[in-house]
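Coordinates as given in coords02.txt (compact mmCIF, C-alpha atoms and all ligand atoms):
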```
# COMPACT_ATOMS: atom_id res chain seq x y z
CA MET K 1 69.65 -171.10 22.03
CA THR K 2 66.98 -169.11 20.20
CA ARG K 3 63.55 -170.74 20.25
CA HIS K 4 60.61 -170.20 17.93
CA ARG K 5 57.13 -171.60 18.33
CA VAL K 6 55.86 -172.68 14.92
CA ALA K 7 52.33 -173.86 14.11
CA VAL K 8 52.40 -176.73 11.62
CA ILE K 9 49.39 -177.50 9.42
CA ALA K 10 50.44 -180.42 7.22
CA GLY K 11 46.92 -180.59 5.79
CA ASP K 12 45.87 -182.93 3.01
CA GLY K 13 47.35 -185.20 0.36
CA ILE K 14 51.06 -184.76 -0.24
CA GLY K 15 51.13 -182.10 2.51
CA GLN K 16 51.30 -185.10 4.88
CA GLU K 17 54.44 -186.29 3.06
CA VAL K 18 56.42 -183.16 2.24
CA VAL K 19 55.86 -181.42 5.59
CA PRO K 20 57.47 -184.16 7.75
CA ALA K 21 60.33 -184.35 5.21
CA ALA K 22 60.90 -180.60 5.51
CA LEU K 23 60.62 -180.55 9.33
CA GLY K 24 63.47 -183.04 9.67
CA CYS K 25 65.77 -180.94 7.48
CA LEU K 26 64.73 -177.72 9.24
CA ASP K 27 65.53 -179.25 12.67
CA LEU K 28 68.92 -180.32 11.42
CA VAL K 29 69.92 -177.00 9.89
CA ALA K 30 68.45 -174.95 12.78
CA ALA K 31 70.44 -176.93 15.36
CA ARG K 32 73.67 -176.06 13.53
CA HIS K 33 72.86 -172.38 14.13
CA GLY K 34 71.77 -172.56 17.76
CA VAL K 35 68.09 -172.35 16.87
CA HIS K 36 65.33 -174.56 18.22
CA LEU K 37 62.05 -174.80 16.37
CA ASP K 38 59.17 -175.85 18.61
CA TRP K 39 56.66 -177.51 16.29
CA HIS K 40 53.02 -177.38 17.32
CA HIS K 41 51.04 -179.74 15.07
CA LEU K 42 47.46 -178.80 14.18
CA ASP K 43 45.32 -181.40 12.40
CA TRP K 44 43.25 -178.91 10.44
CA GLY K 45 42.07 -179.22 6.86
CA SER K 46 39.67 -181.54 5.07
CA ASP K 47 39.33 -184.22 7.77
CA HIS K 48 38.56 -181.50 10.29
CA TYR K 49 35.99 -180.11 7.83
CA ARG K 50 34.27 -183.51 7.41
CA GLU K 51 34.06 -183.99 11.18
CA HIS K 52 33.19 -180.46 12.32
CA GLY K 53 31.99 -178.63 9.19
CA ARG K 54 34.92 -176.20 9.40
CA MET K 55 38.50 -176.24 8.15
CA MET K 56 39.75 -175.03 11.55
CA PRO K 57 38.23 -174.64 15.04
CA VAL K 58 36.20 -171.52 15.90
CA ASP K 59 39.16 -170.17 17.91
CA GLY K 60 41.68 -171.26 15.25
CA LEU K 61 43.00 -167.76 14.59
CA ASP K 62 43.54 -167.14 18.32
CA ILE K 63 45.51 -170.37 18.52
CA LEU K 64 47.71 -169.32 15.59
CA ALA K 65 48.25 -165.87 17.12
CA GLU K 66 50.30 -167.56 19.87
CA HIS K 67 52.97 -168.61 17.36
CA ASP K 68 55.98 -166.97 15.70
CA ALA K 69 55.21 -168.49 12.30
CA ILE K 70 52.84 -170.85 10.50
CA PHE K 71 54.22 -173.68 8.35
CA LEU K 72 51.57 -175.02 6.00
CA GLY K 73 51.60 -178.01 3.65
CA ALA K 74 48.51 -178.09 1.48
CA VAL K 75 44.82 -177.99 2.26
CA GLY K 76 42.01 -179.06 -0.02
CA VAL K 77 40.72 -182.24 -1.62
CA PRO K 78 38.65 -182.71 -4.79
CA ASP K 79 35.32 -183.42 -3.03
CA ILE K 80 35.31 -180.24 -0.91
CA PRO K 81 34.74 -176.95 -2.77
CA ASP K 82 37.88 -174.80 -3.08
CA VAL K 83 35.96 -171.83 -1.72
CA GLU K 84 35.71 -173.58 1.69
CA THR K 85 39.49 -173.93 1.87
CA LEU K 86 40.11 -170.37 0.77
CA TRP K 87 37.50 -168.53 2.83
CA GLY K 88 37.53 -171.03 5.73
CA LEU K 89 41.29 -171.05 6.29
CA LEU K 90 43.71 -169.24 4.00
CA ILE K 91 42.03 -165.86 3.55
CA PRO K 92 41.08 -165.41 7.24
CA ILE K 93 44.71 -166.18 8.21
CA ARG K 94 46.14 -163.77 5.62
CA ARG K 95 43.77 -160.98 6.71
CA ARG K 96 43.80 -161.40 10.49
CA PHE K 97 47.60 -161.45 10.58
CA GLU K 98 47.95 -158.67 8.02
CA GLN K 99 50.03 -160.85 5.75
CA TYR K 100 49.78 -158.23 3.07
CA VAL K 101 52.77 -159.44 1.05
CA ASN K 102 52.62 -162.71 -0.85
CA LEU K 103 56.20 -163.38 -1.83
CA ARG K 104 57.00 -165.84 -4.60
CA PRO K 105 60.64 -166.24 -5.61
CA VAL K 106 61.09 -167.87 -9.01
CA ARG K 107 64.51 -169.13 -9.96
CA THR K 108 66.14 -171.55 -12.38
CA LEU K 109 67.32 -174.53 -10.32
CA PRO K 110 69.92 -177.12 -11.29
CA GLY K 111 68.25 -180.14 -12.84
CA VAL K 112 64.89 -178.41 -13.31
CA ARG K 113 64.29 -177.88 -17.00
CA SER K 114 62.31 -174.87 -18.12
CA PRO K 115 59.71 -175.59 -20.79
CA LEU K 116 61.12 -172.56 -22.60
CA ALA K 117 63.98 -173.75 -24.80
CA ASP K 118 66.22 -170.69 -24.43
CA ALA K 119 64.82 -168.76 -21.51
CA GLY K 120 68.24 -168.05 -20.02
CA PRO K 121 68.71 -167.99 -16.25
CA ILE K 122 65.57 -166.76 -14.48
CA ASP K 123 65.79 -165.13 -11.05
CA LEU K 124 62.84 -162.99 -10.12
CA VAL K 125 60.43 -162.35 -7.26
CA VAL K 126 56.73 -161.66 -7.54
CA VAL K 127 55.40 -159.44 -4.74
CA ARG K 128 51.65 -159.91 -4.70
CA GLU K 129 49.31 -157.70 -2.66
CA ASN K 130 47.59 -160.22 -0.42
CA ASN K 131 44.90 -158.44 1.62
CA GLU K 132 42.67 -156.35 -0.65
CA GLY K 133 42.13 -155.49 -4.31
CA GLU K 134 40.03 -157.64 -6.59
CA TYR K 135 39.34 -160.43 -4.06
CA SER K 136 36.64 -158.67 -2.07
CA GLU K 137 33.29 -159.75 -0.72
CA ILE K 138 31.59 -156.59 -1.94
CA GLY K 139 29.12 -157.05 -4.74
CA GLY K 140 26.22 -159.30 -5.55
CA ARG K 141 23.67 -160.58 -8.01
CA MET K 142 20.83 -158.49 -9.40
CA TYR K 143 17.57 -159.28 -11.18
CA HIS K 144 17.83 -163.04 -10.55
CA GLY K 145 16.40 -165.00 -13.42
CA LEU K 146 15.48 -161.92 -15.43
CA PRO K 147 16.97 -161.19 -18.85
CA GLU K 148 18.89 -158.26 -17.35
CA GLU K 149 20.45 -160.50 -14.69
CA ALA K 150 23.87 -159.22 -13.70
CA ALA K 151 26.70 -159.75 -11.22
CA VAL K 152 28.81 -156.98 -9.71
CA GLN K 153 32.12 -157.43 -7.91
CA GLU K 154 33.91 -154.45 -6.44
CA ALA K 155 37.69 -154.20 -6.18
CA VAL K 156 38.93 -152.23 -3.17
CA PHE K 157 42.32 -150.53 -3.20
CA THR K 158 43.29 -148.41 -0.20
CA ARG K 159 46.11 -145.86 -0.06
CA ARG K 160 47.50 -147.66 2.99
CA GLY K 161 47.29 -151.05 1.28
CA VAL K 162 48.99 -150.01 -1.94
CA THR K 163 51.60 -147.92 -0.14
CA ARG K 164 52.79 -150.70 2.12
CA VAL K 165 53.10 -153.36 -0.57
CA ALA K 166 54.83 -150.90 -2.93
CA ARG K 167 57.28 -149.96 -0.19
CA TYR K 168 58.05 -153.60 0.56
CA ALA K 169 58.70 -154.26 -3.16
CA ALA K 170 60.86 -151.14 -3.51
CA GLU K 171 63.00 -152.13 -0.53
CA LEU K 172 63.38 -155.62 -1.95
CA ALA K 173 64.37 -154.23 -5.37
CA ALA K 174 66.86 -151.85 -3.74
CA GLY K 175 68.64 -154.85 -2.19
CA ARG K 176 68.68 -156.74 -5.51
CA SER K 177 69.14 -155.27 -9.01
CA GLY K 178 67.38 -151.96 -8.39
CA ARG K 179 64.73 -152.72 -11.03
CA LEU K 180 61.04 -152.85 -10.16
CA THR K 181 58.20 -153.66 -12.55
CA SER K 182 54.66 -152.72 -11.55
CA ALA K 183 51.76 -154.55 -13.20
CA THR K 184 48.91 -152.30 -14.24
CA LYS K 185 45.89 -152.08 -16.53
CA SER K 186 45.08 -148.39 -16.28
CA ASN K 187 43.99 -148.22 -19.90
CA GLY K 188 41.02 -150.50 -19.28
CA ILE K 189 40.37 -150.34 -15.54
CA VAL K 190 39.95 -146.61 -15.12
CA HIS K 191 39.48 -146.09 -11.36
CA THR K 192 41.50 -148.56 -9.33
CA MET K 193 44.47 -149.03 -11.65
CA PRO K 194 45.32 -145.33 -12.15
CA PHE K 195 45.13 -145.09 -8.34
CA TRP K 196 47.51 -148.05 -8.01
CA ASP K 197 49.93 -146.41 -10.49
CA GLU K 198 49.77 -143.07 -8.70
CA VAL K 199 50.45 -144.48 -5.23
CA VAL K 200 53.24 -146.76 -6.49
CA ARG K 201 54.90 -143.77 -8.18
CA GLU K 202 54.62 -141.70 -5.00
CA VAL K 203 56.24 -144.44 -2.91
CA LEU K 204 59.00 -144.92 -5.46
CA ALA K 205 59.90 -141.24 -5.23
CA GLU K 206 61.45 -142.22 -1.86
CA PHE K 207 63.71 -144.70 -3.69
CA PRO K 208 65.76 -142.71 -6.21
CA ASP K 209 68.03 -145.72 -6.81
CA VAL K 210 65.19 -148.00 -7.87
CA GLU K 211 64.13 -147.83 -11.49
CA LEU K 212 60.35 -148.25 -11.84
CA ARG K 213 58.66 -149.54 -14.98
CA SER K 214 54.90 -149.85 -15.24
CA GLU K 215 53.76 -152.54 -17.66
CA LEU K 216 50.26 -153.45 -18.75
CA ILE K 217 49.38 -156.87 -17.36
CA ASP K 218 48.64 -158.38 -20.79
CA ALA K 219 51.97 -157.29 -22.27
CA LEU K 220 53.77 -158.25 -19.07
CA ALA K 221 52.33 -161.78 -19.18
CA ALA K 222 53.51 -162.24 -22.76
CA SER K 223 56.89 -160.75 -22.01
CA LEU K 224 57.36 -163.05 -18.99
CA VAL K 225 57.13 -165.98 -21.37
CA LEU K 226 59.24 -164.44 -24.14
CA ARG K 227 61.93 -162.69 -22.06
CA PRO K 228 61.70 -163.87 -18.41
CA ALA K 229 65.36 -163.05 -17.73
CA ARG K 230 64.55 -159.32 -18.02
CA TYR K 231 62.60 -159.27 -14.77
CA ASP K 232 63.79 -158.91 -11.22
CA VAL K 233 61.11 -157.72 -8.76
CA ILE K 234 57.51 -157.50 -9.94
CA VAL K 235 54.83 -155.87 -7.77
CA ALA K 236 51.20 -156.57 -8.56
CA SER K 237 47.67 -156.44 -7.17
CA ASN K 238 46.04 -159.49 -5.62
CA LEU K 239 44.54 -160.84 -8.87
CA PHE K 240 47.36 -159.89 -11.22
CA GLY K 241 49.94 -161.17 -8.74
CA ASP K 242 48.08 -164.45 -8.38
CA ILE K 243 48.16 -165.03 -12.12
CA LEU K 244 51.72 -163.79 -12.65
CA SER K 245 53.19 -165.93 -9.91
CA ASP K 246 51.70 -169.13 -11.37
CA LEU K 247 52.89 -168.09 -14.81
CA ALA K 248 56.38 -167.25 -13.59
CA GLY K 249 56.53 -170.56 -11.70
CA ALA K 250 55.48 -172.46 -14.81
CA VAL K 251 58.25 -170.98 -16.98
CA THR K 252 60.92 -172.30 -14.62
CA GLY K 253 59.81 -175.91 -14.67
CA SER K 254 57.96 -177.75 -11.94
CA ILE K 255 55.19 -176.63 -9.65
CA GLY K 256 56.72 -178.97 -7.08
CA VAL K 257 59.69 -176.69 -6.42
CA ALA K 258 57.90 -173.33 -6.03
CA PRO K 259 57.75 -171.74 -2.54
CA SER K 260 55.72 -168.88 -1.14
CA ALA K 261 55.53 -166.70 1.94
CA ASN K 262 52.56 -164.76 3.25
CA LEU K 263 54.34 -162.04 5.15
CA ASN K 264 53.54 -159.55 7.83
CA PRO K 265 56.77 -157.65 7.22
CA GLU K 266 56.55 -155.70 10.51
CA ARG K 267 56.54 -159.02 12.41
CA ARG K 268 53.63 -157.88 14.55
CA HIS K 269 51.80 -161.09 13.64
CA PRO K 270 52.90 -164.56 12.53
CA SER K 271 53.69 -164.99 8.83
CA MET K 272 52.76 -168.12 6.92
CA PHE K 273 54.99 -170.24 4.67
CA GLU K 274 53.62 -172.74 2.14
CA PRO K 275 54.58 -174.33 -1.16
CA VAL K 276 52.74 -173.14 -4.24
CA HIS K 277 51.48 -176.60 -5.12
CA GLY K 278 48.30 -178.11 -3.75
CA SER K 279 47.54 -181.48 -2.22
CA ALA K 280 48.12 -183.32 -5.53
CA PRO K 281 45.61 -186.14 -4.90
CA ASP K 282 46.84 -187.99 -8.02
CA ILE K 283 50.20 -188.82 -6.40
CA ALA K 284 49.28 -188.65 -2.70
CA GLY K 285 50.28 -191.64 -0.59
CA GLN K 286 52.84 -192.92 -3.10
CA GLY K 287 55.91 -191.37 -1.46
CA VAL K 288 57.00 -189.69 -4.69
CA ALA K 289 56.13 -186.03 -4.02
CA ASN K 290 58.85 -183.47 -4.55
CA PRO K 291 59.63 -181.82 -1.17
CA VAL K 292 61.60 -178.88 -2.67
CA GLY K 293 58.69 -176.38 -2.61
CA GLN K 294 58.13 -177.21 1.07
CA LEU K 295 61.86 -177.08 1.90
CA TRP K 296 62.31 -173.76 0.12
CA SER K 297 59.27 -172.34 1.98
CA GLY K 298 60.98 -173.52 5.17
CA ALA K 299 64.14 -171.66 4.17
CA MET K 300 62.06 -168.50 3.68
CA MET K 301 60.66 -169.03 7.18
CA LEU K 302 64.14 -169.30 8.70
CA ASP K 303 65.12 -166.11 6.90
CA HIS K 304 62.04 -164.27 8.15
CA LEU K 305 62.65 -165.47 11.71
CA GLY K 306 66.08 -163.83 11.55
CA HIS K 307 68.33 -166.71 10.50
CA PRO K 308 69.51 -165.91 6.96
CA LYS K 309 72.63 -168.11 7.25
CA ALA K 310 70.60 -171.17 8.20
CA ALA K 311 68.19 -170.35 5.37
CA ALA K 312 71.03 -170.13 2.85
CA GLU K 313 72.47 -173.43 4.09
CA LEU K 314 69.16 -175.21 3.62
CA THR K 315 68.74 -173.74 0.14
CA ALA K 316 72.27 -174.77 -0.81
CA ALA K 317 71.59 -178.30 0.50
CA PHE K 318 68.55 -178.93 -1.73
CA GLU K 319 70.22 -177.25 -4.72
CA ALA K 320 73.25 -179.52 -4.27
CA ALA K 321 70.97 -182.56 -4.12
CA LEU K 322 69.32 -181.51 -7.40
CA ALA K 323 72.69 -180.73 -8.98
CA SER K 324 74.02 -184.18 -8.05
CA GLY K 325 71.22 -185.75 -10.09
CA VAL K 326 68.94 -186.88 -7.24
CA ARG K 327 65.50 -185.97 -8.57
CA THR K 328 61.91 -186.92 -7.95
CA ARG K 329 59.60 -188.20 -10.70
CA ASP K 330 58.11 -184.79 -11.58
CA LEU K 331 61.62 -183.68 -12.57
CA GLY K 332 62.26 -186.77 -14.64
CA GLY K 333 64.11 -188.67 -11.92
CA THR K 334 63.39 -191.83 -9.96
CA ALA K 335 64.08 -190.74 -6.36
CA SER K 336 61.34 -191.09 -3.76
CA THR K 337 60.49 -188.28 -1.34
CA ALA K 338 62.50 -190.12 1.33
CA GLU K 339 65.55 -190.62 -0.92
CA PHE K 340 65.62 -187.00 -1.97
CA THR K 341 65.19 -185.83 1.63
CA GLU K 342 68.01 -188.13 2.76
CA SER K 343 70.31 -186.54 0.19
CA VAL K 344 69.42 -183.06 1.50
CA ARG K 345 70.09 -184.19 5.09
CA LYS K 346 73.47 -185.54 4.09
CA ASN K 347 74.38 -182.25 2.41
CA ILE K 348 73.37 -180.32 5.54
CA GLU K 349 75.46 -182.58 7.75
CA GLU K 350 78.45 -182.33 5.42
CA GLY K 351 78.00 -178.58 5.17
CA THR K 352 77.59 -178.48 1.39
P1 LIG C 1 44.96 -177.60 -5.37
O1 LIG C 1 43.55 -177.47 -5.78
O2 LIG C 1 45.13 -178.05 -3.95
O3 LIG C 1 45.81 -176.41 -5.73
P2 LIG C 1 45.57 -178.93 -7.77
O4 LIG C 1 44.68 -180.01 -8.17
O5 LIG C 1 45.43 -177.58 -8.37
O6 LIG C 1 45.56 -178.82 -6.19
P3 LIG C 1 48.36 -179.19 -7.44
O7 LIG C 1 48.39 -180.05 -6.26
O8 LIG C 1 48.67 -177.77 -7.26
O9 LIG C 1 46.99 -179.45 -8.12
O10 LIG C 1 49.32 -179.78 -8.55
C1 LIG C 1 48.97 -180.10 -9.88
C2 LIG C 1 49.70 -181.37 -10.29
O11 LIG C 1 51.12 -181.17 -10.27
C3 LIG C 1 49.47 -182.49 -9.30
O12 LIG C 1 48.33 -183.20 -9.64
C4 LIG C 1 50.73 -183.31 -9.37
O13 LIG C 1 50.66 -184.26 -10.38
C5 LIG C 1 51.80 -182.27 -9.68
N1 LIG C 1 52.49 -181.85 -8.45
C6 LIG C 1 52.14 -180.82 -7.64
N2 LIG C 1 52.97 -180.71 -6.61
C7 LIG C 1 53.88 -181.69 -6.73
C8 LIG C 1 55.00 -182.12 -5.97
N3 LIG C 1 55.38 -181.49 -4.83
N4 LIG C 1 55.70 -183.17 -6.41
C9 LIG C 1 55.37 -183.80 -7.55
N5 LIG C 1 54.32 -183.46 -8.32
C10 LIG C 1 53.58 -182.42 -7.93
MG MG C 2 45.58 -175.54 -7.81
```
As structure tokens, what does this structure read like?
Amino acid sequence: MTRHRVAVIAGDGIGQEVVPAALGCLDLVAARHGVHLDWHHLDWGSDHYREHGRMMPVDGLDILAEHDAIFLGAVGVPDIPDVETLWGLLIPIRRRFEQYVNLRPVRTLPGVRSPLADAGPIDLVVVRENNEGEYSEIGGRMYHGLPEEAAVQEAVFTRRGVTRVARYAAELAAGRSGRLTSATKSNGIVHTMPFWDEVVREVLAEFPDVELRSELIDALAASLVLRPARYDVIVASNLFGDILSDLAGAVTGSIGVAPSANLNPERRHPSMFEPVHGSAPDIAGQGVANPVGQLWSGAMMLDHLGHPKAAAELTAAFEAALASGVRTRDLGGTASTAEFTESVRKNIEEGT
């Protein structure tokens, strides 16, 4: 029996509904593969913030360091500024554990209709740089209140940072179609983006079988809407990757099905797995949230922990549920979270 210690932060809103749903399915599928997942529940998030003025305890990162993975639902509620959630929880976790790859698979699923009438089958992965780039704390305000008042924000790209994310993306592309698209803007951003292009090209020289295309972010965004089926692996900086992954998710249908992984590919530190959606306060507490994004994130976690067969079985189980017509409200169905989850459990047990 292989055991993994997993920190669980269900968080706020529908996180409290989709996380328990996913844990049950993960236990079931793991057991079939001789794996035991030891869940360690942490009640961090907005309630913790209201009580203690912080999203997580002072030694929160040290607590997480004791785990093999972090399974997150959603944190954040409307009356607490987003910046508290980001800088008080998500960004410190991503940085401390060098989760420098933000991985977002985007795929057409059965029963999930794309808003694009004839998009064709979409199957791509956005690899977003997750530790540096445009989201930096360097900069400030000048000449407060004066007519010349200005704000400056520096973007920081390091050779090490670009190299490692480019290498991860190239390896991923090599195992898929062999096509890699790199998002750039070197015509307008004249220092960091040419550097990004240069380092990506250098890394790709080690991968003669991977075809690299650099596309300007503006053209790439348009092309993702017009011809999404053309893309396989896309590598992008922190900001561009953030935007592209939401865009790519939107063209496939529902935000409720999109998963993500914040990876430390070397497995020196725990990686974190979370759905793309937030706490969805408008539907929280109604039992109607779609658990697919959380389930798929769980499948990515199983894969990362070294159990690709269990991961594939879980993915097949929720795809079969969708294909059989069991759908939550966001997908035009009538199933509750519990009904959908029950259908996934049945598929796991029956081995479909
Ligand atoms: P956050 O600020 O935490 O990202 P948000 O207000 O941006 O939250 P999301 O929670 O990301 O919003 O989702 C936007 C809307 O999409 C929700 O209000 C909800 O109606 C719908 N939605 C999101 N996730 C799901 C889900 N899993 N199942 C069903 N509907 C969902
Ligand atoms: Mg949001």
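Residue nearest Leu263 in chain K within the list K:Gln294, K:Thr85, K:Thr181, K:Asn131: K:Asn131 [criterion: smallest interatomic distance, only C-alpha atoms].
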Distance CA of Leu216 in chain K-CA of Thr192 in chain K, one decimal place? 13.8 Å
Considering all atoms listed in the file, state which residue in the set K:Ser279, K:Ser254, K:Ser260, K:Ser182 is at the smallest distance from ligand MG 2 (chain C).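 Ranking K:Ser279, K:Ser254, K:Ser260, K:Ser182 by distance to ligand MG 2 (chain C), first place goes to K:Ser279.
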Could you jot down the CA of Ala119 in chain K to CA of Pro228 in chain K separation for me, Å, one decimal place?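 A separation of 6.6 Å between them.
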Pairwise distance, CA of Asp62 in chain K with CA of Gly161 in chain K, equals 23.7 Å
From the list K:Pro57, K:Pro270, K:Gly241, K:Gly293, which residue is nearest Leu103 in chain K when using only C-alpha atoms?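 Checking each of K:Pro57, K:Pro270, K:Gly241, K:Gly293 against Leu103 in chain K, counting only C-alpha atoms, the winner is K:Gly241.
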For Pro265 in chain K, please output as a list of chain:residue names all residues within 8 Å (counting all atoms listed in the file; exclusion window: fewer than 2 positions along the same chain). K:Gln99, K:Val101, K:Tyr168, K:Leu263, K:Arg267, K:Arg268
How close does chain K get to ligand MG 2 (chain C)? List, as JSON lines, each residue of chain K within 12 Å, its nearest atom pair and the distance in Å to one decimal, counting all atoms listed in the file.
```
{"residue": "K:Ala74", "atom": "CA", "partner": "C:MG2", "partner_atom": "MG", "distance": 10.1}
{"residue": "K:Val75", "atom": "CA", "partner": "C:MG2", "partner_atom": "MG", "distance": 10.4}
{"residue": "K:Gly76", "atom": "CA", "partner": "C:MG2", "partner_atom": "MG", "distance": 9.3}
{"residue": "K:Val77", "atom": "CA", "partner": "C:MG2", "partner_atom": "MG", "distance": 10.3}
{"residue": "K:Pro78", "atom": "CA", "partner": "C:MG2", "partner_atom": "MG", "distance": 10.4}
{"residue": "K:Asp82", "atom": "CA", "partner": "C:MG2", "partner_atom": "MG", "distance": 9.1}
{"residue": "K:Val83", "atom": "CA", "partner": "C:MG2", "partner_atom": "MG", "distance": 12.0}
{"residue": "K:Thr85", "atom": "CA", "partner": "C:MG2", "partner_atom": "MG", "distance": 11.5}
{"residue": "K:Leu86", "atom": "CA", "partner": "C:MG2", "partner_atom": "MG", "distance": 11.4}
{"residue": "K:Asp242", "atom": "CA", "partner": "C:MG2", "partner_atom": "MG", "distance": 11.4}
{"residue": "K:Ile243", "atom": "CA", "partner": "C:MG2", "partner_atom": "MG", "distance": 11.6}
{"residue": "K:Asp246", "atom": "CA", "partner": "C:MG2", "partner_atom": "MG", "distance": 9.6}
{"residue": "K:Ile255", "atom": "CA", "partner": "C:MG2", "partner_atom": "MG", "distance": 9.8}
{"residue": "K:Gly256", "atom": "CA", "partner": "C:MG2", "partner_atom": "MG", "distance": 11.7}
{"residue": "K:Pro275", "atom": "CA", "partner": "C:MG2", "partner_atom": "MG", "distance": 11.3}
{"residue": "K:Val276", "atom": "CA", "partner": "C:MG2", "partner_atom": "MG", "distance": 8.4}
{"residue": "K:His277", "atom": "CA", "partner": "C:MG2", "partner_atom": "MG", "distance": 6.6}
{"residue": "K:Gly278", "atom": "CA", "partner": "C:MG2", "partner_atom": "MG", "distance": 5.5}
{"residue": "K:Ser279", "atom": "CA", "partner": "C:MG2", "partner_atom": "MG", "distance": 8.4}
{"residue": "K:Ala280", "atom": "CA", "partner": "C:MG2", "partner_atom": "MG", "distance": 8.5}
{"residue": "K:Pro281", "atom": "CA", "partner": "C:MG2", "partner_atom": "MG", "distance": 11.0}
```
How would the residues just picked look written out with C-alpha atoms as a compact mmCIF listing (two decimals), keeping the file's coordinate frame?
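Result went into again.txt, see below:
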```
# COMPACT_ATOMS: atom_id res chain seq x y z
CA ALA K 74 48.51 -178.09 1.48
CA VAL K 75 44.82 -177.99 2.26
CA GLY K 76 42.01 -179.06 -0.02
CA VAL K 77 40.72 -182.24 -1.62
CA PRO K 78 38.65 -182.71 -4.79
CA ASP K 82 37.88 -174.80 -3.08
CA VAL K 83 35.96 -171.83 -1.72
CA THR K 85 39.49 -173.93 1.87
CA LEU K 86 40.11 -170.37 0.77
CA ASP K 242 48.08 -164.45 -8.38
CA ILE K 243 48.16 -165.03 -12.12
CA ASP K 246 51.70 -169.13 -11.37
CA ILE K 255 55.19 -176.63 -9.65
CA GLY K 256 56.72 -178.97 -7.08
CA PRO K 275 54.58 -174.33 -1.16
CA VAL K 276 52.74 -173.14 -4.24
CA HIS K 277 51.48 -176.60 -5.12
CA GLY K 278 48.30 -178.11 -3.75
CA SER K 279 47.54 -181.48 -2.22
CA ALA K 280 48.12 -183.32 -5.53
CA PRO K 281 45.61 -186.14 -4.90
```
Pick the closest to ligand LIG 1 (chain C) from K:Leu305, K:Ile14, K:Leu124, K:Leu26: which is it, counting all atoms listed in the file?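 Looking only at the distances to ligand LIG 1 (chain C), the closest residue turns out to be K:Ile14.
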